[in-house]
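Below is one structure, written out as structure tokens, with a few remarks after it.
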Amino acid sequence: MRRLALPARMDPAAAEELAEALEHLRGIPLELDGAAVQQPGGLFLQLLAIASRQWQADALPFRIADASPALADALHLLDLARLFQPEEVVGCR
């Protein structure tokens, strides 16, 4: 399983970089390291939701590990944590 670190600031520029990285990693089991995330942005969170669905359609693992409190709270606030199995978003309530 590949591991990809998410940036501290999840702004539109970071979302574009992540989209490119995910395009290249499609078809590979993936774990995102969310420990550094301090400012999760809406566009970035939408991208995570879309990627989760794509990996699910491919029947491959797609997890968020070590979610920072800011990332975990944002996923719950926008009801996106449900896209991941509870054990797949470490740090989520």
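Labeling convention for the structure tokens: chains A, B, ... as they appear, residues from 1 per chain, ligands from 1 in order of appearance.
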Self-check item: Shell around range 71-84 of chain A at 12 Å using only C-alpha atoms, local window under 5 positions removed, as number ranges by chain
Solution: A: 6-10, 31-56, 61-66, 89-93
Practice problem: Pull the strand (DSSP E or B) assignments for range 16-79 of chain A out of DSSP run on the backbone, and list those residues as a ChimeraX atom specification. | Solution: /A:30-33,39-40,62-65
Keeping only N, CA and C atoms, write those residues as an mmCIF file, in the first residue's frame.
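In the end it all went to result-v8.cif:
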```cif
data_model
loop_
_atom_site.group_PDB
_atom_site.id
_atom_site.type_symbol
_atom_site.label_atom_id
_atom_site.label_comp_id
_atom_site.auth_asym_id
_atom_site.auth_seq_id
_atom_site.Cartn_x
_atom_site.Cartn_y
_atom_site.Cartn_z
ATOM 1 N N LEU A 30 -4.169 2.820 -1.419
ATOM 2 C CA LEU A 30 -3.595 4.096 -0.989
ATOM 3 C C LEU A 30 -4.000 4.461 0.425
ATOM 4 N N GLU A 31 -3.023 4.976 1.163
ATOM 5 C CA GLU A 31 -3.258 5.493 2.505
ATOM 6 C C GLU A 31 -2.765 6.934 2.527
ATOM 7 N N LEU A 32 -3.649 7.850 2.916
ATOM 8 C CA LEU A 32 -3.301 9.260 3.001
ATOM 9 C C LEU A 32 -2.946 9.597 4.441
ATOM 10 N N ASP A 33 -1.823 10.247 4.632
ATOM 11 C CA ASP A 33 -1.373 10.660 5.959
ATOM 12 C C ASP A 33 -1.902 12.073 6.203
ATOM 13 N N GLN A 39 -5.425 23.261 7.911
ATOM 14 C CA GLN A 39 -6.478 24.058 7.283
ATOM 15 C C GLN A 39 -7.100 23.274 6.131
ATOM 16 N N PRO A 40 -8.078 22.416 6.436
ATOM 17 C CA PRO A 40 -8.726 21.661 5.363
ATOM 18 C C PRO A 40 -9.698 22.556 4.595
ATOM 19 N N PHE A 62 -8.595 2.639 0.280
ATOM 20 C CA PHE A 62 -8.304 4.076 0.244
ATOM 21 C C PHE A 62 -8.589 4.583 1.646
ATOM 22 N N ARG A 63 -7.538 4.905 2.399
ATOM 23 C CA ARG A 63 -7.697 5.265 3.803
ATOM 24 C C ARG A 63 -7.063 6.603 4.107
ATOM 25 N N ILE A 64 -7.568 7.202 5.180
ATOM 26 C CA ILE A 64 -6.928 8.374 5.759
ATOM 27 C C ILE A 64 -6.399 7.931 7.114
ATOM 28 N N ALA A 65 -5.101 8.002 7.291
ATOM 29 C CA ALA A 65 -4.473 7.603 8.546
ATOM 30 C C ALA A 65 -3.954 8.834 9.271
#
```
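Those residues of range 35-91 of chain A that DSSP, working from the backbone, places in alpha helix (DSSP H) are A:Gly42, A:Leu43, A:Phe44, A:Leu45, A:Gln46, A:Leu47, A:Leu48, A:Ala49, A:Ile50, A:Ala51, A:Ser52, A:Arg53, A:Gln54, A:Trp55, A:Gln56, A:Ala57, A:Pro69, A:Ala70, A:Leu71, A:Ala72, A:Asp73, A:Ala74, A:Leu75, A:His76, A:Leu77.
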Keeping N, CA and C atoms, export the residues of the selection given above as a CSV table (one decimal), in the first residue's frame.
```csv
chain,number,residue,atom,x,y,z
A,42,GLY,N,-12.6,23.2,1.4
A,42,GLY,CA,-13.7,22.5,0.8
A,42,GLY,C,-13.4,21.8,-0.4
A,43,LEU,N,-12.7,22.4,-1.4
A,43,LEU,CA,-12.4,21.8,-2.6
A,43,LEU,C,-11.5,20.6,-2.4
A,44,PHE,N,-10.6,20.7,-1.5
A,44,PHE,CA,-9.7,19.6,-1.2
A,44,PHE,C,-10.5,18.4,-0.6
A,45,LEU,N,-11.5,18.7,0.3
A,45,LEU,CA,-12.3,17.7,0.9
A,45,LEU,C,-13.2,17.0,-0.1
A,46,GLN,N,-13.7,17.8,-1.1
A,46,GLN,CA,-14.5,17.2,-2.2
A,46,GLN,C,-13.6,16.2,-3.0
A,47,LEU,N,-12.4,16.6,-3.2
A,47,LEU,CA,-11.5,15.7,-4.0
A,47,LEU,C,-11.3,14.4,-3.2
A,48,LEU,N,-11.1,14.5,-1.9
A,48,LEU,CA,-11.0,13.3,-1.1
A,48,LEU,C,-12.2,12.4,-1.3
A,49,ALA,N,-13.4,13.0,-1.3
A,49,ALA,CA,-14.6,12.3,-1.4
A,49,ALA,C,-14.7,11.6,-2.8
A,50,ILE,N,-14.4,12.3,-3.8
A,50,ILE,CA,-14.4,11.7,-5.2
A,50,ILE,C,-13.4,10.6,-5.3
A,51,ALA,N,-12.2,10.8,-4.7
A,51,ALA,CA,-11.2,9.7,-4.8
A,51,ALA,C,-11.6,8.5,-4.0
A,52,SER,N,-12.2,8.7,-2.9
A,52,SER,CA,-12.7,7.6,-2.1
A,52,SER,C,-13.7,6.7,-2.9
A,53,ARG,N,-14.6,7.4,-3.6
A,53,ARG,CA,-15.6,6.7,-4.5
A,53,ARG,C,-14.9,6.0,-5.6
A,54,GLN,N,-13.9,6.6,-6.2
A,54,GLN,CA,-13.1,5.9,-7.3
A,54,GLN,C,-12.4,4.7,-6.8
A,55,TRP,N,-11.8,4.8,-5.7
A,55,TRP,CA,-11.0,3.6,-5.2
A,55,TRP,C,-12.1,2.5,-4.8
A,56,GLN,N,-13.2,2.9,-4.2
A,56,GLN,CA,-14.2,2.0,-3.9
A,56,GLN,C,-14.7,1.2,-5.1
A,57,ALA,N,-14.9,2.0,-6.2
A,57,ALA,CA,-15.4,1.4,-7.4
A,57,ALA,C,-14.4,0.4,-8.0
A,69,PRO,N,-6.8,16.6,14.2
A,69,PRO,CA,-8.1,17.1,14.7
A,69,PRO,C,-8.8,17.9,13.7
A,70,ALA,N,-8.1,18.9,13.0
A,70,ALA,CA,-8.8,19.7,12.1
A,70,ALA,C,-9.4,19.0,10.9
A,71,LEU,N,-8.6,18.0,10.4
A,71,LEU,CA,-9.1,17.2,9.3
A,71,LEU,C,-10.3,16.3,9.7
A,72,ALA,N,-10.1,15.7,10.9
A,72,ALA,CA,-11.2,14.8,11.4
A,72,ALA,C,-12.5,15.6,11.6
A,73,ASP,N,-12.4,16.8,12.2
A,73,ASP,CA,-13.5,17.6,12.4
A,73,ASP,C,-14.2,18.0,11.1
A,74,ALA,N,-13.4,18.4,10.1
A,74,ALA,CA,-13.9,18.8,8.8
A,74,ALA,C,-14.7,17.7,8.1
A,75,LEU,N,-14.1,16.5,8.2
A,75,LEU,CA,-14.7,15.3,7.6
A,75,LEU,C,-16.1,15.0,8.2
A,76,HIS,N,-16.1,15.2,9.6
A,76,HIS,CA,-17.4,14.9,10.3
A,76,HIS,C,-18.4,16.1,10.0
A,77,LEU,N,-17.9,17.3,10.0
A,77,LEU,CA,-18.8,18.4,9.8
A,77,LEU,C,-19.5,18.4,8.5
```
Self-check item: Between CA of Met1 in chain A and CA of Ile28 in chain A, distance in Å (one decimal)
Solution: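 One can read the CA of Met1 in chain A to CA of Ile28 in chain A distance as 7.0 Å.
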Self-check item: Point-to-point distance from CA of Glu20 in chain A to CA of Ser68 in chain A, Å rounded to tenths
Solution: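 Distance between the two atoms: 22.9 Å.
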Quiz item: Can you tell me how far CA of Arg3 in chain A sits from CA of Leu25 in chain A, in Å to one decimal?
Solution: 10.3 Å
